[in-house]
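S.K.: Data file final.txt (compact mmCIF, C-alpha atoms and all ligand atoms) is appended below.
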# COMPACT_ATOMS: atom_id res chain seq x y z
CA MET A 1 -50.65 53.13 117.67
CA ASN A 2 -51.93 56.58 118.61
CA ILE A 3 -54.44 58.36 116.43
CA ILE A 4 -54.23 62.14 116.64
CA THR A 5 -56.67 64.52 114.99
CA ASP A 6 -55.71 67.76 116.72
CA ILE A 7 -52.93 69.85 115.11
CA LYS A 8 -51.63 71.28 118.38
CA GLU A 9 -51.54 67.86 120.02
CA MET A 10 -49.60 66.42 117.05
CA GLN A 11 -47.12 69.30 117.09
CA GLU A 12 -46.60 69.14 120.87
CA THR A 13 -46.10 65.37 120.63
CA ALA A 14 -43.49 65.86 117.89
CA ILE A 15 -41.69 68.55 119.95
CA LYS A 16 -41.57 66.15 122.93
CA LEU A 17 -40.18 63.36 120.76
CA LYS A 18 -37.48 65.66 119.37
CA LYS A 19 -36.50 66.63 122.91
CA GLN A 20 -36.06 62.92 123.64
CA ASP A 21 -33.74 62.78 120.62
CA LYS A 22 -36.03 60.45 118.66
CA SER A 23 -35.73 60.43 114.89
CA ILE A 24 -39.05 60.93 113.12
CA GLY A 25 -39.95 59.45 109.73
CA PHE A 26 -43.04 60.91 108.12
CA VAL A 27 -45.27 59.57 105.33
CA PRO A 28 -47.92 62.02 104.07
CA THR A 29 -50.84 60.36 102.24
CA MET A 30 -54.41 60.99 101.16
CA GLY A 31 -55.46 57.63 102.61
CA TYR A 32 -57.20 54.64 101.01
CA LEU A 33 -53.86 53.01 101.62
CA HIS A 34 -52.46 50.37 99.28
CA ILE A 35 -49.23 48.43 98.84
CA GLY A 36 -47.45 51.48 97.40
CA HIS A 37 -48.18 53.47 100.57
CA LYS A 38 -47.17 50.44 102.65
CA GLU A 39 -43.76 50.41 100.95
CA LEU A 40 -43.20 54.06 101.94
CA ILE A 41 -44.18 53.30 105.54
CA LEU A 42 -41.93 50.20 105.69
CA ASN A 43 -39.03 52.34 104.45
CA ALA A 44 -39.74 54.86 107.20
CA ARG A 45 -40.01 52.05 109.79
CA LYS A 46 -36.55 50.69 108.90
CA THR A 47 -34.56 53.79 109.79
CA ASN A 48 -36.52 55.88 112.29
CA ASP A 49 -37.38 55.62 115.98
CA ILE A 50 -40.83 57.03 115.34
CA VAL A 51 -43.08 56.75 112.27
CA ILE A 52 -45.88 59.23 111.66
CA VAL A 53 -48.36 58.68 108.81
CA SER A 54 -50.84 61.40 107.90
CA ILE A 55 -54.12 60.96 106.08
CA PHE A 56 -55.46 64.15 104.60
CA VAL A 57 -57.45 64.51 101.38
CA ASN A 58 -56.11 67.93 100.58
CA PRO A 59 -58.82 70.13 99.03
CA LEU A 60 -56.24 72.73 97.95
CA GLN A 61 -54.77 70.36 95.40
CA PHE A 62 -58.06 69.54 93.64
CA GLY A 63 -59.45 71.69 90.82
CA ILE A 64 -63.19 72.57 90.73
CA ASN A 65 -64.15 69.78 88.35
CA GLU A 66 -61.92 67.15 89.90
CA ASP A 67 -62.75 64.21 92.16
CA LEU A 68 -62.42 65.73 95.67
CA ASP A 69 -65.94 64.67 96.74
CA LYS A 70 -65.70 61.12 95.49
CA TYR A 71 -62.05 60.49 96.38
CA PRO A 72 -62.05 57.00 98.01
CA ARG A 73 -61.85 56.89 101.80
CA ASN A 74 -61.61 54.00 104.28
CA ILE A 75 -60.20 55.16 107.59
CA CYS A 76 -60.99 51.84 109.24
CA ALA A 77 -58.91 49.74 106.79
CA ASP A 78 -56.17 52.41 106.79
CA THR A 79 -55.96 52.29 110.59
CA GLN A 80 -55.68 48.49 110.53
CA LEU A 81 -52.92 48.58 107.93
CA CYS A 82 -50.93 51.20 109.86
CA GLU A 83 -51.35 49.27 113.09
CA SER A 84 -50.19 46.02 111.45
CA ILE A 85 -46.88 47.58 110.37
CA ASN A 86 -46.13 49.35 113.64
CA VAL A 87 -46.85 52.96 112.76
CA ASP A 88 -46.51 54.99 115.95
CA PHE A 89 -48.82 57.90 115.13
CA LEU A 90 -51.61 58.21 112.59
CA PHE A 91 -52.37 61.91 112.12
CA ILE A 92 -55.82 62.59 110.67
CA PRO A 93 -56.50 66.34 110.86
CA ASP A 94 -59.94 67.54 109.84
CA THR A 95 -60.11 69.51 106.62
CA SER A 96 -60.99 72.93 107.94
CA SER A 97 -58.34 72.94 110.67
CA LEU A 98 -55.58 72.72 108.06
CA THR A 99 -57.05 74.94 105.37
CA GLN A 100 -59.18 77.65 106.98
CA ASN A 101 -58.01 81.27 107.09
CA LEU A 102 -54.93 80.59 104.97
CA LEU A 103 -53.57 83.92 103.78
CA MET A 104 -50.25 82.47 102.73
CA GLN A 105 -49.39 79.72 100.28
CA ILE A 106 -46.22 78.27 98.79
CA GLN A 107 -46.11 78.55 95.03
CA PRO A 108 -43.53 76.55 93.07
CA SER A 109 -42.08 78.00 89.92
CA ARG A 110 -40.82 76.41 86.71
CA LEU A 111 -41.10 72.76 87.76
CA ASP A 112 -44.89 73.05 87.82
CA GLN A 113 -45.16 74.35 84.24
CA TYR A 114 -45.11 70.89 82.68
CA LEU A 115 -46.88 67.54 82.92
CA CYS A 116 -49.65 67.54 85.57
CA GLY A 117 -48.89 71.13 86.55
CA ALA A 118 -49.79 72.34 83.05
CA SER A 119 -53.34 70.99 83.19
CA ARG A 120 -53.95 71.43 86.94
CA PRO A 121 -53.37 75.12 87.74
CA GLY A 122 -52.79 75.62 91.47
CA HIS A 123 -52.40 71.91 92.12
CA PHE A 124 -48.77 72.04 93.23
CA THR A 125 -49.31 75.23 95.21
CA GLY A 126 -51.91 73.24 97.17
CA VAL A 127 -49.52 70.32 97.55
CA CYS A 128 -46.55 72.45 98.70
CA THR A 129 -48.61 74.51 101.14
CA ILE A 130 -50.10 71.47 102.87
CA VAL A 131 -46.87 69.43 102.85
CA ALA A 132 -44.99 72.38 104.38
CA LYS A 133 -47.68 72.69 107.07
CA LEU A 134 -47.53 68.96 107.76
CA PHE A 135 -43.73 69.17 108.06
CA ASN A 136 -44.09 72.01 110.57
CA ILE A 137 -46.61 70.00 112.57
CA THR A 138 -44.86 66.60 112.56
CA LEU A 139 -41.22 67.85 112.59
CA PRO A 140 -39.78 64.90 110.65
CA ASP A 141 -36.10 64.21 110.08
CA THR A 142 -37.01 62.32 106.92
CA ALA A 143 -40.11 62.21 104.75
CA TYR A 144 -40.98 59.57 102.17
CA PHE A 145 -42.46 60.26 98.73
CA GLY A 146 -43.25 57.91 95.84
CA LYS A 147 -41.46 58.16 92.50
CA LYS A 148 -44.83 57.41 90.92
CA ASP A 149 -45.68 61.09 91.42
CA ILE A 150 -42.38 62.22 89.96
CA GLN A 151 -43.32 65.88 89.52
CA GLN A 152 -44.58 66.10 93.10
CA LEU A 153 -41.35 64.49 94.33
CA LYS A 154 -39.16 66.94 92.36
CA ILE A 155 -41.17 69.95 93.54
CA ILE A 156 -41.02 68.87 97.19
CA GLU A 157 -37.26 68.31 96.88
CA GLN A 158 -36.97 71.83 95.43
CA MET A 159 -39.16 73.27 98.18
CA VAL A 160 -37.06 71.87 101.06
CA MET A 161 -33.89 73.03 99.31
CA ASP A 162 -35.06 76.55 98.43
CA LEU A 163 -36.79 77.18 101.76
CA ASN A 164 -34.07 75.50 103.87
CA ILE A 165 -36.55 73.13 105.43
CA PRO A 166 -34.53 70.65 107.53
CA VAL A 167 -36.22 67.49 106.23
CA ARG A 168 -34.48 64.80 104.18
CA ILE A 169 -36.67 63.61 101.31
CA ILE A 170 -36.44 59.90 100.52
CA PRO A 171 -37.77 58.83 97.09
CA VAL A 172 -39.37 55.37 97.00
CA GLU A 173 -39.71 53.16 93.90
CA THR A 174 -43.16 52.71 92.36
CA VAL A 175 -44.90 49.52 93.47
CA ARG A 176 -46.84 47.75 90.73
CA GLU A 177 -49.48 45.07 90.38
CA HIS A 178 -48.54 41.74 88.72
CA ASP A 179 -49.31 43.12 85.24
CA GLY A 180 -47.30 46.33 85.64
CA LEU A 181 -50.07 48.77 86.56
CA ALA A 182 -48.87 51.08 89.34
CA TYR A 183 -50.91 50.86 92.56
CA SER A 184 -53.04 53.95 93.02
CA SER A 185 -56.01 54.79 95.23
CA ARG A 186 -57.74 55.90 92.02
CA ASN A 187 -57.50 52.36 90.54
CA SER A 188 -60.58 51.65 92.66
CA TYR A 189 -62.62 53.84 90.27
CA LEU A 190 -61.94 51.45 87.37
CA THR A 191 -64.66 49.05 86.21
CA GLN A 192 -63.55 45.48 85.53
CA LYS A 193 -63.39 46.23 81.81
CA GLU A 194 -61.38 49.42 82.37
CA ARG A 195 -59.00 47.62 84.74
CA GLY A 196 -58.45 45.09 81.94
CA ILE A 197 -57.19 47.73 79.56
CA ALA A 198 -55.41 49.94 82.13
CA THR A 199 -52.15 48.08 81.43
CA ILE A 200 -52.01 50.27 78.34
CA VAL A 201 -50.39 52.82 80.70
CA PRO A 202 -47.23 50.80 81.55
CA ASP A 203 -47.35 49.32 78.02
CA VAL A 204 -47.02 52.71 76.33
CA ILE A 205 -44.06 53.51 78.60
CA ASN A 206 -42.44 50.22 77.53
CA LEU A 207 -43.08 51.11 73.89
CA ILE A 208 -41.47 54.54 74.27
CA THR A 209 -38.51 53.01 76.14
CA GLN A 210 -37.87 50.55 73.30
CA GLN A 211 -38.07 53.28 70.69
CA ILE A 212 -35.64 55.51 72.58
CA LYS A 213 -33.25 52.54 72.75
CA SER A 214 -33.72 52.08 68.99
CA HIS A 215 -32.65 55.73 68.50
CA LEU A 216 -35.92 56.98 67.00
CA GLY A 217 -36.48 60.75 67.24
CA ARG A 218 -38.78 62.48 69.74
CA GLU A 219 -41.53 63.37 67.27
CA GLU A 220 -41.78 59.90 65.77
CA ILE A 221 -41.77 58.27 69.23
CA LEU A 222 -44.53 60.52 70.56
CA ASN A 223 -46.64 60.04 67.39
CA ASN A 224 -46.28 56.27 67.67
CA ALA A 225 -47.30 56.44 71.34
CA LEU A 226 -50.40 58.54 70.51
CA THR A 227 -51.41 56.07 67.79
CA PHE A 228 -50.93 53.18 70.25
CA ILE A 229 -53.34 54.82 72.73
CA ASP A 230 -55.77 55.93 69.98
CA ASN A 231 -56.33 52.27 69.12
CA GLU A 232 -58.02 51.75 72.48
CA LYS A 233 -61.47 53.39 72.53
CA LEU A 234 -61.66 53.64 76.35
CA ALA A 235 -58.31 55.42 76.64
CA LEU A 236 -57.67 59.13 76.13
CA VAL A 237 -54.32 60.86 76.36
CA ASN A 238 -53.92 63.78 78.78
CA TYR A 239 -50.19 63.95 78.10
CA ILE A 240 -47.39 61.73 76.91
CA GLU A 241 -44.01 63.38 77.37
CA ILE A 242 -40.29 62.83 77.38
CA VAL A 243 -38.74 65.36 79.74
CA ASP A 244 -35.39 66.25 81.20
CA GLU A 245 -35.00 64.63 84.62
CA LYS A 246 -33.79 67.82 86.30
CA THR A 247 -36.01 70.50 84.79
CA LEU A 248 -39.01 68.37 83.70
CA ALA A 249 -39.01 70.41 80.47
CA PRO A 250 -39.74 68.51 77.22
CA THR A 251 -36.53 67.38 75.57
CA ASP A 252 -35.24 65.67 72.46
CA ASP A 253 -31.79 65.22 73.96
CA PHE A 254 -31.80 61.58 74.94
CA LYS A 255 -28.15 61.76 75.98
CA GLN A 256 -29.23 63.15 79.35
CA ASN A 257 -31.22 61.42 82.08
CA ILE A 258 -34.81 61.63 80.93
CA VAL A 259 -38.24 60.78 82.28
CA ILE A 260 -41.01 59.27 80.22
CA ALA A 261 -44.16 60.62 81.85
CA VAL A 262 -47.75 59.83 80.91
CA ALA A 263 -51.24 60.73 82.08
CA ILE A 264 -54.01 58.75 80.43
CA TYR A 265 -57.74 58.69 81.08
CA ILE A 266 -59.17 55.19 81.25
CA GLY A 267 -62.86 56.01 81.06
CA ASN A 268 -63.17 58.88 83.52
CA THR A 269 -60.17 57.89 85.61
CA LYS A 270 -56.88 59.67 85.09
CA LEU A 271 -53.88 57.41 85.68
CA ILE A 272 -50.34 58.72 85.79
CA ASP A 273 -47.07 56.85 85.56
CA ASN A 274 -43.47 57.43 84.55
CA ARG A 275 -40.07 55.86 84.07
CA LEU A 276 -36.63 57.38 84.56
CA ILE A 277 -34.14 56.42 81.88
CA LYS A 278 -30.57 57.02 82.91
CA TYR A 279 -28.13 57.81 80.15
CA THR A 280 -25.12 55.55 80.55
P1 LIG B 301 -51.40 59.71 97.74
O1 LIG B 301 -52.13 59.10 98.90
O2 LIG B 301 -51.88 59.23 96.41
O3 LIG B 301 -51.30 61.21 97.86
O4 LIG B 301 -49.90 59.17 97.84
C1 LIG B 301 -49.15 59.31 99.02
C2 LIG B 301 -47.72 58.93 98.71
O5 LIG B 301 -47.67 57.59 98.24
C3 LIG B 301 -47.09 59.81 97.60
O6 LIG B 301 -45.75 60.10 97.96
C4 LIG B 301 -47.16 58.90 96.39
O7 LIG B 301 -46.16 59.17 95.43
C5 LIG B 301 -46.93 57.54 97.03
N1 LIG B 301 -47.44 56.46 96.16
C6 LIG B 301 -48.66 56.39 95.57
N2 LIG B 301 -48.74 55.28 94.79
C7 LIG B 301 -47.56 54.64 94.90
C8 LIG B 301 -47.03 53.43 94.35
N3 LIG B 301 -47.73 52.67 93.52
N4 LIG B 301 -45.76 53.09 94.67
C9 LIG B 301 -45.02 53.87 95.52
N5 LIG B 301 -45.47 55.01 96.08
C10 LIG B 301 -46.72 55.39 95.78
For this file, write the structure as structure tokens.
M.R.:
Amino acid sequence: MNIITDIKEMQETAIKLKKQDKSIGFVPTMGYLHIGHKELILNARKTNDIVIVSIFVNPLQFGINEDLDKYPRNICADTQLCESINVDFLFIPDTSSLTQNLLMQIQPSRLDQYLCGASRPGHFTGVCTIVAKLFNITLPDTAYFGKKDIQQLKIIEQMVMDLNIPVRIIPVETVREHDGLAYSSRNSYLTQKERGIATIVPDVINLITQQIKSHLGREEILNNALTFIDNEKLALVNYIEIVDEKTLAPTDDFKQNIVIAVAIYIGNTKLIDNRLIKYT
């Protein structure tokens, strides 16, 4: 496995590979890799000649009071994991080389109004700008994104469509621990006690799913979900929503495909999760 830190070297390598007609699969991450990331990489490995993984804790997507400085990092373990599953290139650009002197950014519209976008102004502009730059540097045919970050996935899909970026986006199912909690680098912030109650996140999604199936109305379902979380002292709701799959706007029309999306603080750690419910 080659580790590349220089942007120009990565881009020239990708250009060479394209000239040799190699297909490139790309997995952008913020590192501190876990089994969810591994699943994305294994998907990329299956169908591409070359797999590039990037590790970049993107400062543009963090707000001023967010966890940029303490975001978990372990380049050594990440390198070992990538090597063990035959990643070809690990791209680890330094922060300033990707973000300095940026006079241009990509700002999504509409899809970022809801869910995480509503409470994290500028977050998805930071995501889009850096993902677009990484696409231009690594020149992938396909790029892999987790359904766990459903709003990010939808916005990236919109970005490649609206800007005619020739990259195919492959959504990958959320990978979960034995008790249903989605793997996340931020799970490492949880104390043992907090980890014990963190299953309240998938549990509230299960509760909402059941109540949708029982034909309860939106308001009653959301009130029941809030009461369910209120019963746990260490948990605090950021949002609990039922949204339209296409627009991500709140909906009470459960005869369309909908997404149950939640963001819940467990102590100081914000955990997000979601479930798509297809109307059949
Ligand atoms: P991150 O390093 O958190 O920015 O995530 C990098 C990529 O991994 C994103 O596309 C995430 O959606 C995806 N991802 C994170 N957690 C999971 C998970 N539990 N299952 C599947 N994909 C995930």
S.K.: Kindly compute an axis-aligned box around the listed atoms of ligand LIG 301 (chain B), allowing 8 Å on each side, and express its centre and edge lengths in Å to one decimal as AutoDock Vina command-line options.
M.R.:
--center_x -48.6 --center_y 56.9 --center_z 96.3 --size_x 23.1 --size_y 24.5 --size_z 21.5
S.K.: Quick one: pull the distance between atom CA of A:Gly267 and atom CA of A:Asn187, Å, one decimal.
M.R.: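 Separation of atom CA of A:Gly267 and atom CA of A:Asn187: 11.5 Å.
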S.K.: Could you list, as a PyMOL selection string, all the residues within 6 Å of ligand LIG 301 (chain B), counting only C-alpha atoms and all ligand atoms?
M.R.: chain A and resi 28-31+36-37+145-149+173-176+182-184
S.K.: What is the atom CA of A:Tyr32 to atom CA of A:Ser185 distance in Å?
M.R.: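 Those two atoms sit 5.9 Å apart.
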S.K.: In terms of the shortest atom-to-atom distance over all atoms listed in the file, which of A:Leu276, A:Ile242, A:Val27, A:Leu90 is closest to A:Ile169?
M.R.: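 Among the listed residues, A:Val27 lies closest to A:Ile169.
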S.K.: Please, what distance in Å, to one decimal, runs between atom CA of A:Phe91 and atom CA of A:Phe124?
M.R.: 21.7 Å
S.K.: What residues have an atom no more than 10 Å from (-35.6, 74.6, 86.2) in the file's own frame, counting only C-alpha atoms, and can you write them as JSON, numbers by chain?
M.R.: {"A": [109, 110, 111, 112, 113, 158, 244, 246, 247, 248, 249]}
S.K.: Find the residues around A:Ile260 up to 10 Å (all atoms listed in the file counted), leave out those fewer than 4 positions away in its own chain, and share them as a list of chain:residue names.
M.R.: A:Val204, A:Ile205, A:Asn206, A:Ile208, A:Thr209, A:Ile240, A:Glu241, A:Ile242, A:Val243, A:Asp244, A:Glu245, A:Leu248, A:Pro250, A:Asp273, A:Asn274, A:Arg275, A:Leu276, A:Ile277
S.K.: Of the residues A:Ile165, A:Ile258, A:Cys116, A:Ile137, which is the one nearest to A:Asp6, using all atoms listed in the file?
M.R.: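 Of the candidates, the smallest distance to A:Asp6 is held by A:Ile137.
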S.K.: In terms of the shortest atom-to-atom distance over all atoms listed in the file, which of A:Val172, A:Ala132, A:Leu271, A:Ala44 is closest to A:Ser188?
M.R.: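 Using all atoms listed in the file, A:Ser188 sits closest to A:Leu271.
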S.K.: Rank A:Arg195, A:Lys213, A:Arg218, A:Arg120 by their smallest atom-to-atom distance to A:Ile266, using only C-alpha atoms, and report the top residue only.
M.R.: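 Under the stated criterion, the closest residue is A:Arg195.
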